[in-house]
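Student: Provided herewith is a single structure, encoded as structure tokens, for subsequent inquiry.
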Amino acid sequence: MNRILLIIVIATFSLSLGARGQGFEPLSSTDLITEAKIADVQLSPGGDWMIAIDNFGDRKTVSVIQSHPAEVRQVISLRSMSNFKIQWLNNDHFVIGATQRRGVSRVSSIFKVQEEGTVEQLVPFFHGEFVHFDTQAESGVLVKLDRGRSYSLFRVSANEFSPQGIEDAENIVRRERALFPPAYDPVSKNVLFLSGTSSGSLQIKAISMLNGDESRARLVTGENKVISPIAFISASQWLVITDEQTPRRVLQYYNPVSRELGDILYQSDDHDVKSAELDNNGAVKSVSYLSAGQLKTHYLDSDLQRFYQRIGATYPNASFVATSQTFDEQHILLLGEGPQLEPSYFLYHGEDDTLQLLQSKFSGLDTRRLSPSQRLEVASVDGTIIESFLTMPLNTEPKGLLVMPHGGPIGIADNNLFNPEVQYFASRGFAVLRTNFRGSEGYGREFRESGRGELGHLIEDDIMASLHAVLEDHPFENICAVGASYGAYSSMMLAIRAPELFDCAVGSFGIYDLALGLSLSNRHTGELVQERLRRVFGDHDVEALMATSPVYRASEISVPVLLVAGERDLITPPEHTYRLETTLKLAGYEPETLIYKRAGHGHSSLTDRRHHLALIYDFVRRSMEIDLSSEDLRYQIARSALAEDYMLLGQRTQSSRTEARGALAEPKSTAYFFEQALDLGAQSATFELGKRLLDAEDDYFDQARGLELLEEATELGQWRAEVELGLHSLRGVLVEQDYQRAGELIQAGYARSDDSREHQLPLAELFCSAPEPVQNLERCTLELKRRGTDNRSVQSDFLETVGRIYENLDSQSEAIVPIRDYLIEYLNLSEERTTLDGVEAGVGNYEFDRQYGRNGRFEPMSKPETFSLSENLGRTMGLRVKADTPFSMSEEAKTALVLIWKYPDLNGTQRSTTRLVYGRDRWFDYTRRLEQEQALGDYQIEVRNLYNEPLYTYSYSITE
Amino acid sequence: MITNVGARSIRLAFISILLFSGCAARVTSIDDGQPSELSEDMGYLVLAIDERSQFQSIMMSGEARVRISSDSLIEGSNYIVYPLEAGDYYFDSFYVTSSFKIRLDEDNWSVRIEPNRLTYVGHINVSILGLFSSSAVKLSNRSSEALAFLEDSYPQLLNEVDVAYGGPGNDAYLEYVLAQKYPDRAQGAATNATSVLEVSE
């Protein structure tokens, strides 16, 4: 047994030696910040097969894998479903549970694995899901959602695995109302239903699957008792984790009816219980806890304990938990995780005592490239011992230190498990210090409670004590404080405390005005909420809270500041960020601010997460004035990871998904990001930068440099640049119109493209708009169809291209005929010559509509031929138009109009924007808000019908 | 039979809504250039409705009874700026549509209009629909956004009149910021806030 395990340890160690000396190796954010590629794996009770849910973005599959040797034998593709669950029913039958898209109830399908590895679907997807299945007894309980929130239970055994068997299954509970699908407690063998109409009247009903006995208990909520249930022995007897009566979190019985805690089942003086596993008789099998930042599992059975200790020794400080095992316990599927081990699946083979690495849950990062952490214990100002984790970059001298306080601050803790954010910065050459200051979880109740009311006081004392201890051994010259939520607050307070130590401060989703926490909304002023907040803030009055709030101490934050917020954040709304930004500016500082429009108190988008990290990295690098040496950039792997960061920054910092403020909002910041990417060898940055320079309508516009970059990108073989240059030749605005050259460039570009799915709308514009011999109406409509039919909804670029083609052609052109015919067919438009039912144009206001699901409307007040910009700032200019609906038009048909707006940009370049609009009996607004940056000069808005006949024109001039 | 009772109830409810709202003054926002000759016991209500919220009108009671409808909002914005008698008010009902009313409780919906000041009382947001519950409506403190709006749309008025917060809880942010922006102007509540600057560790 030891022999094989030893081999794995030696292999890991020797490979680690081999990795040393490779120097600066930034890990790609795409590899680090990713969703699980494998959502779940289950080992069959006999051990011959495994089933796994694979995640390929939008596509989910279930793989059937032979265990010895591990080999995928069949892949089941699952479309239009989500939230999968897999479960073995016996040795060769398994069930896939899922939620159908647009459906609310769960569906299941039963499969059988044949001996040769092929899979047969025995029961097609049906409504219902197994709440429990005993693989040994080969019998289980199926739950089905009836009308509303009523659930029925059915008993199903293995010999009923057929459509008819499921249909005729024995009904054991009929239409039980519950707020959520019922849960099964394996200890008590009860199915539990939670019902009630409000938090004050919640009730649990437990039905025994052994004898059908029922018990009920009314739950009392709203009191500040912190309990985490882990098993429901009966409706009135739970097993919970709590430290209400003990200095450490223990495993204890709890009666939810009398609200009394009972006997303690497990406790330790050394650790807080984090989770526990019970055997089928309700006895504690194992408890898990964090110790020295590592997840430890203590098995009460000494043989099991020894076994897992040996398994855990294969990777430094890693912990392993069994996710499924065979009846004979000879084969165990394990999930392992450690500071230098991404969560990964392993299979233990009892017959020859070997541990086999199956697959990483995520990207399969090379463990040799992950930076290790060391644990520190430091005495704080009052002698309290504080634990910290210092992660040092691997194989390179640190470029600086990032002090990263965690959020919370009460009841949250950092640990030493795999942390992608920490690895991101460590791999970019930064040491990272994380401190479990007082208030953190996992060190006992007294330690946690001692953090209450210490925001800006002892909590930051603890962090500073850790920092000073680190500086004794590592005299870092560059230090930044970087944190999220409470960590953002703490970062600002650290910069206030020790401006001589810190070079910058970064706050994300932060709370910066503690007093605002108490007056955030009328839901925060109730007694219960105020009490809950006071348990964190302490009994300080508003003035004292202001005195420890960065908003009111902004003048003391003398280091560069980056602020990041989520527009949808309900926990620390962006109001905190806006306030700090305002007071920093009042103090004469210029913070950089970015608001993610789709983020809440954190990101739901992986790309936003990656962008956020890159934003912090670049900001810290600039603040610390770190130049990357040629040695740093010696390896392609380093250059490409950093180039990826900067490309993302160039593409997303100023985009519709974000609101950039301060220096980040300046056009030159985008140029800077792309130039960095270019320097790092990202050839596509040449095209991106060139396109932006030419598309800019303000002083960022640089025609010569933009065209030069596009030419350069074309020479580098970038097909997008070739197409872009072709479009410029076609439109003739920035370069001389040359249809021949346009045709050559656009076609050559697409011929070079390796993405056959890429839409080719510029080809449609070319073949429709250009005169003969370049014109090719057949190909024009073909390209329009490709874009028009490859999506469920009509895309805006399709509508713009159609508008652009109409703009380029005159009403006499025959080229319009096939385009019109295609649009009539594809969009179900009226064939008749559309006229206008109504049109209003000029300067006015845009009124938001308060009716649910309806847009606002433009209301022109006047239609001047000339108007002053300064007198109309904040107003809206444009047009509101409605097509006439002919009587003869069928009920489903719509009418369409082409809108063309010609305008000068701030450089005097004449530009235009176009759009095809269509609908039935509705108004369309085509507007623009008048801002300070609006160009002066002549404007024209034109409305045409599908026959390209002009229906209306409004020409006007804007003066100062 | 049941249908008739239902229809009658709806009709009665509709009539009572009409009668009830008929007593309240309908308000329209003032313009920035409009002369601000407020009597000493008057102040300005500054209220915003979140741009994503469905909203027909809201009723305010207290020193006066006021009905704020979607037409009351300043053109092109979500705000209302309206002169009112200073004193204590509370929002008592929120009409999502003319026939869907959410009753608001006085305790959680009280605001105070300060005399001779622009009093920002909050942003009203309807976050959940369909529950017919007052918890679906929230009054949030977004003072910094309100101040940016006033600076943009009411620069003249802002130059003449102080700004106060009159929404849920106590919040000295507006006084604090304005004391910094207009240091020569005497702000009553700003005194406390300014002293914060002197605190250091």
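Starting from 1 in every chain, residues are counted up; chains themselves are A, B, ... following the order of the structure tokens, and ligands are numbered from 1 as listed.
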Report as a tab-separated table the residues of chain A within 9 Å of chain B, each with its shortest atom pair and distance in Å (one decimal), using only C-alpha atoms, ordered by chain and increasing residue number.

Tutor:
```
residue	atom	partner	partner_atom	distance
A:Arg497	CA	B:Glu201	CA	7.4
A:Asp513	CA	B:Tyr173	CA	9.0
A:Ala515	CA	B:Asp171	CA	6.9
A:Leu516	CA	B:Asp171	CA	6.5
A:Leu518	CA	B:Gly169	CA	6.7
A:Ser519	CA	B:Gly169	CA	4.5
A:Leu520	CA	B:Asn141	CA	5.2
A:Ser521	CA	B:Ser140	CA	4.1
A:Asn522	CA	B:Pro168	CA	5.1
A:Arg523	CA	B:Lys138	CA	7.1
A:His524	CA	B:Pro168	CA	8.2
A:Thr525	CA	B:Gly169	CA	6.2
A:Gly526	CA	B:Asn108	CA	7.6
A:Val542	CA	B:Asn170	CA	7.8
A:Glu543	CA	B:Val196	CA	7.3
A:Ala544	CA	B:Val196	CA	8.4
A:Met546	CA	B:Val196	CA	6.8
A:Ala547	CA	B:Val196	CA	5.5
A:Thr548	CA	B:Val199	CA	8.8
A:Val551	CA	B:Tyr173	CA	8.8
A:Tyr552	CA	B:Leu197	CA	6.7
A:Arg553	CA	B:Leu197	CA	6.4
A:Ser555	CA	B:Leu197	CA	8.4
A:Glu556	CA	B:Ser200	CA	8.9
A:Pro573	CA	B:Arg142	CA	9.0
A:Pro574	CA	B:Arg142	CA	8.9
A:Glu575	CA	B:Arg142	CA	5.8
A:His576	CA	B:Ser144	CA	8.9
A:Tyr578	CA	B:Ser144	CA	6.5
A:Arg579	CA	B:Ser144	CA	6.0
A:Thr582	CA	B:Ser144	CA	8.0
A:Thr583	CA	B:Val177	CA	7.2
A:Leu586	CA	B:Gln180	CA	7.3
A:Asn845	CA	B:Gly76	CA	5.4
A:Tyr846	CA	B:Gly76	CA	5.1
A:Glu847	CA	B:Gly76	CA	5.1
A:Phe848	CA	B:Gly76	CA	7.0
A:Asp849	CA	B:Gln54	CA	8.2
A:Arg850	CA	B:Gln54	CA	4.7
A:Gln851	CA	B:Gln54	CA	5.6
A:Tyr852	CA	B:Gln54	CA	5.5
A:Gly853	CA	B:Gln54	CA	8.6
A:Gly874	CA	B:Gly76	CA	8.3
A:Arg875	CA	B:Gly76	CA	7.6
A:Thr876	CA	B:Gly76	CA	8.6
```

Student: Can I get the selected residues back with N, CA and C atoms, as a compact mmCIF listing (two decimals), in the first residue's frame?

Tutor:
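Saved file again01.txt follows:
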```txt
# COMPACT_ATOMS: atom_id res chain seq x y z
N ARG A 497 -4.10 54.57 7.86
CA ARG A 497 -3.22 54.34 9.02
C ARG A 497 -1.75 54.47 8.67
N ASP A 513 -18.92 53.88 4.11
CA ASP A 513 -19.59 54.81 5.02
C ASP A 513 -20.40 53.95 6.00
N ALA A 515 -21.91 54.68 8.69
CA ALA A 515 -23.18 55.29 9.10
C ALA A 515 -24.26 55.04 8.06
N LEU A 516 -23.88 55.02 6.80
CA LEU A 516 -24.85 54.74 5.74
C LEU A 516 -25.41 53.32 5.89
N LEU A 518 -26.50 52.02 8.39
CA LEU A 518 -27.68 52.07 9.26
C LEU A 518 -28.85 52.82 8.63
N SER A 519 -28.59 53.54 7.53
CA SER A 519 -29.66 54.32 6.91
C SER A 519 -29.74 54.05 5.41
N LEU A 520 -29.38 52.83 5.04
CA LEU A 520 -29.31 52.49 3.62
C LEU A 520 -30.68 52.48 2.96
N SER A 521 -31.68 52.07 3.72
CA SER A 521 -33.04 52.09 3.19
C SER A 521 -34.00 51.96 4.38
N ASN A 522 -35.29 52.07 4.10
CA ASN A 522 -36.24 51.93 5.21
C ASN A 522 -36.33 50.49 5.71
N ARG A 523 -35.71 49.56 5.01
CA ARG A 523 -35.66 48.19 5.52
C ARG A 523 -34.52 48.02 6.51
N HIS A 524 -33.66 49.01 6.58
CA HIS A 524 -32.52 48.92 7.50
C HIS A 524 -32.78 49.63 8.82
N THR A 525 -33.94 50.25 8.94
CA THR A 525 -34.18 51.03 10.14
C THR A 525 -35.03 50.28 11.17
N GLY A 526 -35.51 49.09 10.82
CA GLY A 526 -36.28 48.28 11.77
C GLY A 526 -35.39 47.80 12.91
N VAL A 542 -23.58 57.56 15.50
CA VAL A 542 -23.35 57.86 14.08
C VAL A 542 -22.04 58.63 13.89
N GLU A 543 -21.79 59.55 14.80
CA GLU A 543 -20.58 60.36 14.66
C GLU A 543 -19.32 59.48 14.76
N ALA A 544 -19.36 58.53 15.68
CA ALA A 544 -18.21 57.64 15.84
C ALA A 544 -18.04 56.75 14.60
N MET A 546 -18.91 57.61 11.60
CA MET A 546 -18.36 58.47 10.55
C MET A 546 -16.85 58.66 10.74
N ALA A 547 -16.45 58.72 11.98
CA ALA A 547 -15.02 58.94 12.26
C ALA A 547 -14.16 57.75 11.83
N THR A 548 -14.80 56.59 11.68
CA THR A 548 -14.04 55.43 11.21
C THR A 548 -14.50 55.02 9.81
N VAL A 551 -15.16 57.42 3.82
CA VAL A 551 -15.81 58.54 3.12
C VAL A 551 -15.48 59.86 3.80
N TYR A 552 -15.49 59.85 5.13
CA TYR A 552 -15.27 61.11 5.86
C TYR A 552 -13.80 61.31 6.22
N ARG A 553 -12.98 60.39 5.78
CA ARG A 553 -11.54 60.55 6.03
C ARG A 553 -10.77 60.48 4.72
N SER A 555 -9.55 62.62 2.84
CA SER A 555 -8.37 63.48 2.70
C SER A 555 -7.12 62.79 3.21
N GLU A 556 -7.31 61.76 4.04
CA GLU A 556 -6.15 61.04 4.58
C GLU A 556 -5.72 59.87 3.68
N PRO A 573 -24.44 48.65 -1.78
CA PRO A 573 -24.79 49.29 -3.05
C PRO A 573 -23.72 50.29 -3.50
N PRO A 574 -23.69 50.61 -4.80
CA PRO A 574 -22.66 51.51 -5.32
C PRO A 574 -22.67 52.89 -4.66
N GLU A 575 -23.74 53.21 -3.91
CA GLU A 575 -23.77 54.49 -3.19
C GLU A 575 -22.51 54.66 -2.34
N HIS A 576 -22.04 53.59 -1.72
CA HIS A 576 -20.82 53.66 -0.92
C HIS A 576 -19.64 54.12 -1.80
N TYR A 578 -19.78 55.65 -4.79
CA TYR A 578 -19.96 57.02 -5.28
C TYR A 578 -19.56 58.04 -4.20
N ARG A 579 -19.92 57.73 -2.96
CA ARG A 579 -19.60 58.67 -1.88
C ARG A 579 -18.09 58.81 -1.70
N THR A 582 -16.61 60.74 -4.48
CA THR A 582 -16.89 62.18 -4.35
C THR A 582 -15.96 62.84 -3.34
N THR A 583 -15.84 62.23 -2.16
CA THR A 583 -15.03 62.90 -1.13
C THR A 583 -13.54 62.82 -1.45
N LEU A 586 -13.11 65.67 -3.74
CA LEU A 586 -13.14 66.92 -2.97
C LEU A 586 -11.81 67.16 -2.26
N ASN A 845 -37.89 65.91 -24.90
CA ASN A 845 -37.47 65.10 -23.76
C ASN A 845 -37.80 63.64 -24.00
N TYR A 846 -37.02 62.81 -23.34
CA TYR A 846 -37.30 61.38 -23.39
C TYR A 846 -37.98 61.02 -22.08
N GLU A 847 -39.19 60.54 -22.16
CA GLU A 847 -39.96 60.23 -20.96
C GLU A 847 -39.93 58.73 -20.69
N PHE A 848 -39.52 58.37 -19.46
CA PHE A 848 -39.55 56.96 -19.09
C PHE A 848 -41.01 56.53 -18.93
N ASP A 849 -41.31 55.34 -19.41
CA ASP A 849 -42.67 54.86 -19.24
C ASP A 849 -42.72 53.98 -18.00
N ARG A 850 -43.67 54.23 -17.14
CA ARG A 850 -43.75 53.49 -15.89
C ARG A 850 -44.59 52.23 -16.00
N GLN A 851 -45.13 51.96 -17.17
CA GLN A 851 -45.93 50.75 -17.31
C GLN A 851 -44.99 49.57 -17.48
N TYR A 852 -45.32 48.49 -16.82
CA TYR A 852 -44.46 47.32 -16.82
C TYR A 852 -44.21 46.83 -18.24
N GLY A 853 -42.93 46.62 -18.57
CA GLY A 853 -42.56 46.04 -19.85
C GLY A 853 -42.63 47.00 -21.02
N GLY A 874 -28.86 68.26 -22.13
CA GLY A 874 -29.71 67.38 -21.33
C GLY A 874 -31.00 67.00 -22.03
N ARG A 875 -31.38 67.78 -23.06
CA ARG A 875 -32.58 67.42 -23.81
C ARG A 875 -32.24 66.32 -24.82
N THR A 876 -33.25 65.89 -25.54
CA THR A 876 -33.06 64.81 -26.51
C THR A 876 -33.44 65.32 -27.89
```

Student: Where does DSSP see strand (DSSP E) in segment 74-116 of chain B, if you list the residues as a list in words?

Tutor: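 Residues of segment 74-116 of chain B classed as strand (DSSP E): Tyr79, Ile80, Val81, Tyr82, Pro83, Leu84, Glu85, Gly87, Asp88, Tyr89, Tyr90, Phe91, Asp92, Ser93, Phe94, Tyr95, Val96, Thr97, Phe100, Lys101, Ile102, Arg103, Ser110, Val111, Arg112 and Ile113 of chain B.
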
Student: Write out as a ChimeraX atom specification all residues of segment 763-916 of chain A that backbone DSSP assigns to helix (DSSP H, G or I).

Tutor: /A:763-769,777-789,796-808,816-826,870-872

Student: Using the selection just defined, write its residues with C-alpha atoms as an mmCIF file, in the first residue's frame.

Tutor:
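Written output follows (out-v4.cif):
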```cif
data_model
loop_
_atom_site.group_PDB
_atom_site.id
_atom_site.type_symbol
_atom_site.label_atom_id
_atom_site.label_comp_id
_atom_site.auth_asym_id
_atom_site.auth_seq_id
_atom_site.Cartn_x
_atom_site.Cartn_y
_atom_site.Cartn_z
ATOM 1 C CA LEU A 763 -19.965 40.809 -47.722
ATOM 2 C CA ALA A 764 -23.710 41.496 -47.912
ATOM 3 C CA GLU A 765 -23.033 45.230 -47.756
ATOM 4 C CA LEU A 766 -20.356 44.877 -50.458
ATOM 5 C CA PHE A 767 -22.321 42.742 -52.906
ATOM 6 C CA CYS A 768 -25.518 44.790 -52.524
ATOM 7 C CA SER A 769 -24.074 48.292 -52.428
ATOM 8 C CA LEU A 777 -27.183 40.258 -55.571
ATOM 9 C CA GLU A 778 -27.415 36.525 -55.148
ATOM 10 C CA ARG A 779 -24.484 36.465 -52.728
ATOM 11 C CA CYS A 780 -25.776 39.593 -51.011
ATOM 12 C CA THR A 781 -29.074 37.944 -50.061
ATOM 13 C CA LEU A 782 -27.235 34.726 -49.232
ATOM 14 C CA GLU A 783 -25.102 36.537 -46.637
ATOM 15 C CA LEU A 784 -28.134 38.355 -45.243
ATOM 16 C CA LYS A 785 -29.888 35.012 -44.893
ATOM 17 C CA ARG A 786 -26.896 33.474 -43.138
ATOM 18 C CA ARG A 787 -27.020 36.144 -40.459
ATOM 19 C CA GLY A 788 -30.765 36.358 -40.493
ATOM 20 C CA THR A 789 -31.346 32.682 -39.844
ATOM 21 C CA SER A 796 -28.850 44.575 -34.329
ATOM 22 C CA ASP A 797 -25.924 44.257 -36.770
ATOM 23 C CA PHE A 798 -28.302 42.661 -39.280
ATOM 24 C CA LEU A 799 -30.707 45.612 -38.960
ATOM 25 C CA GLU A 800 -27.855 48.087 -39.268
ATOM 26 C CA THR A 801 -26.417 46.398 -42.363
ATOM 27 C CA VAL A 802 -29.801 46.415 -44.074
ATOM 28 C CA GLY A 803 -30.079 50.129 -43.247
ATOM 29 C CA ARG A 804 -26.590 50.724 -44.598
ATOM 30 C CA ILE A 805 -27.416 48.956 -47.871
ATOM 31 C CA TYR A 806 -30.546 51.090 -48.279
ATOM 32 C CA GLU A 807 -28.493 54.205 -47.574
ATOM 33 C CA ASN A 808 -26.006 53.278 -50.293
ATOM 34 C CA ILE A 816 -33.229 46.700 -53.841
ATOM 35 C CA VAL A 817 -35.719 44.158 -55.255
ATOM 36 C CA PRO A 818 -34.160 40.852 -54.045
ATOM 37 C CA ILE A 819 -33.254 42.429 -50.704
ATOM 38 C CA ARG A 820 -36.804 43.641 -50.186
ATOM 39 C CA ASP A 821 -38.215 40.255 -51.221
ATOM 40 C CA TYR A 822 -35.989 38.505 -48.726
ATOM 41 C CA LEU A 823 -36.917 40.911 -45.884
ATOM 42 C CA ILE A 824 -40.632 40.539 -46.641
ATOM 43 C CA GLU A 825 -40.326 36.768 -46.420
ATOM 44 C CA TYR A 826 -37.927 36.552 -43.462
ATOM 45 C CA SER A 870 -25.760 75.089 -24.657
ATOM 46 C CA GLU A 871 -29.434 75.988 -24.297
ATOM 47 C CA ASN A 872 -30.570 72.426 -24.886
#
```

Student: What is the atom CA of Arg67 of chain B to atom CA of Leu118 of chain B distance in Å?

Tutor: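 Separation between atom CA of Arg67 of chain B and atom CA of Leu118 of chain B: 18.6 Å.
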
Student: One decimal, Å: what's the distance from atom CA of Gln359 of chain A over to atom CA of Ser275 of chain A, could you say?

Tutor: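 Separating atom CA of Gln359 of chain A from atom CA of Ser275 of chain A is a distance of 25.2 Å.
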
Student: Determine, counting only C-alpha atoms, which protein, DNA and RNA residues have an atom within 10 Å of an atom of segment 452-461 of chain A; residues of the same chain fewer than 4 positions away are not included. Present the result as a tab-separated table (two decimals) with N, CA and C atoms, in the first residue's frame.

Tutor:
```tsv
chain	number	residue	atom	x	y	z
A	380	SER	N	-1.00	40.19	18.34
A	380	SER	CA	-1.47	41.54	17.99
A	380	SER	C	-1.21	42.50	19.15
A	381	VAL	N	-1.68	43.73	19.03
A	381	VAL	CA	-1.37	44.77	20.03
A	381	VAL	C	-1.75	44.39	21.46
A	382	ASP	N	-2.83	43.64	21.59
A	382	ASP	CA	-3.26	43.26	22.94
A	382	ASP	C	-2.85	41.84	23.30
A	405	PRO	N	-7.25	41.89	3.04
A	405	PRO	CA	-8.17	41.57	4.15
A	405	PRO	C	-9.44	40.91	3.60
A	409	PRO	N	-17.01	41.56	8.41
A	409	PRO	CA	-15.79	40.93	8.91
A	409	PRO	C	-16.06	39.80	9.91
A	410	ILE	N	-17.33	39.65	10.36
A	410	ILE	CA	-17.60	38.67	11.42
A	410	ILE	C	-18.06	37.35	10.81
A	435	THR	N	-4.96	37.79	6.40
A	435	THR	CA	-4.96	37.69	7.87
A	435	THR	C	-6.35	37.34	8.37
A	436	ASN	N	-6.41	36.35	9.23
A	436	ASN	CA	-7.68	36.04	9.90
A	436	ASN	C	-7.75	36.86	11.19
A	437	PHE	N	-8.08	38.11	11.03
A	437	PHE	CA	-8.18	39.05	12.15
A	437	PHE	C	-9.29	38.63	13.10
A	438	ARG	N	-9.36	39.26	14.26
A	438	ARG	CA	-10.42	38.91	15.22
A	438	ARG	C	-11.78	39.16	14.56
A	439	GLY	N	-12.70	38.27	14.88
A	439	GLY	CA	-14.00	38.30	14.19
A	439	GLY	C	-14.08	37.17	13.18
A	440	SER	N	-12.91	36.60	12.82
A	440	SER	CA	-12.92	35.54	11.80
A	440	SER	C	-13.50	34.25	12.36
A	447	PHE	N	-13.25	34.48	20.04
A	447	PHE	CA	-12.45	35.19	19.03
A	447	PHE	C	-13.37	35.86	18.01
A	448	ARG	N	-14.41	35.13	17.60
A	448	ARG	CA	-15.33	35.70	16.62
A	448	ARG	C	-16.05	36.91	17.21
A	465	ALA	N	-0.36	44.16	12.58
A	465	ALA	CA	0.59	43.34	13.34
A	465	ALA	C	1.16	42.24	12.44
A	466	SER	N	0.27	41.63	11.64
A	466	SER	CA	0.74	40.59	10.70
A	466	SER	C	1.68	41.19	9.67
A	467	LEU	N	1.29	42.36	9.17
A	467	LEU	CA	2.11	43.00	8.14
A	467	LEU	C	3.51	43.32	8.69
A	486	TYR	N	-16.03	43.98	3.14
A	486	TYR	CA	-15.37	44.60	4.29
A	486	TYR	C	-13.88	44.78	3.99
A	489	TYR	N	-13.22	48.15	2.69
A	489	TYR	CA	-13.19	49.14	3.78
A	489	TYR	C	-11.83	49.08	4.47
A	490	SER	N	-11.43	47.86	4.81
A	490	SER	CA	-10.19	47.68	5.55
A	490	SER	C	-8.99	48.20	4.75
A	491	SER	N	-9.02	47.97	3.43
A	491	SER	CA	-7.91	48.43	2.58
A	491	SER	C	-7.76	49.95	2.67
A	492	MET	N	-8.90	50.65	2.65
A	492	MET	CA	-8.84	52.11	2.73
A	492	MET	C	-8.35	52.54	4.12
A	493	MET	N	-8.83	51.85	5.15
A	493	MET	CA	-8.42	52.22	6.51
A	493	MET	C	-6.93	51.95	6.73
A	494	LEU	N	-6.41	50.89	6.11
A	494	LEU	CA	-4.98	50.60	6.23
A	494	LEU	C	-4.17	51.70	5.56
A	497	ARG	N	-4.10	54.57	7.86
A	497	ARG	CA	-3.22	54.34	9.02
A	497	ARG	C	-1.75	54.47	8.67
A	514	LEU	N	-19.83	53.71	7.18
A	514	LEU	CA	-20.48	52.80	8.14
A	514	LEU	C	-21.83	53.35	8.57
A	533	LEU	N	-27.17	44.76	12.64
A	533	LEU	CA	-26.06	45.60	12.18
A	533	LEU	C	-25.18	46.03	13.35
A	534	ARG	N	-25.84	46.32	14.47
A	534	ARG	CA	-25.09	46.75	15.65
A	534	ARG	C	-24.18	45.63	16.15
A	535	ARG	N	-24.61	44.41	15.92
A	535	ARG	CA	-23.76	43.28	16.34
A	535	ARG	C	-22.47	43.22	15.53
A	536	VAL	N	-22.46	43.88	14.40
A	536	VAL	CA	-21.22	43.97	13.61
A	536	VAL	C	-20.54	45.31	13.88
A	537	PHE	N	-21.31	46.39	13.78
A	537	PHE	CA	-20.73	47.74	13.90
A	537	PHE	C	-20.37	48.10	15.34
A	538	GLY	N	-21.05	47.48	16.32
A	538	GLY	CA	-20.87	47.87	17.72
A	538	GLY	C	-21.82	49.00	18.07
A	539	ASP	N	-21.83	49.35	19.36
A	539	ASP	CA	-22.78	50.37	19.82
A	539	ASP	C	-22.22	51.78	19.67
A	540	HIS	N	-21.60	52.05	18.57
A	540	HIS	CA	-21.05	53.39	18.35
A	540	HIS	C	-22.15	54.30	17.81
A	545	LEU	N	-19.17	56.33	14.04
A	545	LEU	CA	-19.09	55.51	12.82
A	545	LEU	C	-18.51	56.34	11.67
A	547	ALA	N	-16.45	58.72	11.98
A	547	ALA	CA	-15.02	58.94	12.26
A	547	ALA	C	-14.16	57.75	11.83
A	548	THR	N	-14.80	56.59	11.68
A	548	THR	CA	-14.04	55.43	11.21
A	548	THR	C	-14.50	55.02	9.81
A	549	SER	N	-15.02	55.97	9.06
A	549	SER	CA	-15.46	55.67	7.69
A	549	SER	C	-14.56	56.36	6.67
A	550	PRO	N	-14.06	55.62	5.70
A	550	PRO	CA	-13.19	56.22	4.69
A	550	PRO	C	-13.82	57.42	3.99
B	201	GLU	N	-6.11	59.18	13.97
B	201	GLU	CA	-5.58	58.20	14.92
B	201	GLU	C	-4.08	58.34	15.04
```

Student: Mind giving me the straight-line distance from atom CA of Lys882 of chain A to atom CA of Thr913 of chain A in Å, one decimal?

Tutor: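 If I compute the distance from atom CA of Lys882 of chain A to atom CA of Thr913 of chain A, I get 19.2 Å.
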
Student: Find the residues near segment 231-243 of chain A: any atom within 10 Å, counting only C-alpha atoms, skip ones fewer than 3 places away on the same chain, and give them as a ChimeraX atom specification.

Tutor: /A:183-193,203-208,214-219,225-228,246-267,272-278,282,444-445

Student: Which one is closest to Arg652 of chain A: A:Arg609, A:Arg622, A:Lys144, A:Arg175? Count only C-alpha atoms.

Tutor: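 Of A:Arg609, A:Arg622, A:Lys144, A:Arg175, the one nearest Arg652 of chain A is A:Arg609, counting only C-alpha atoms.
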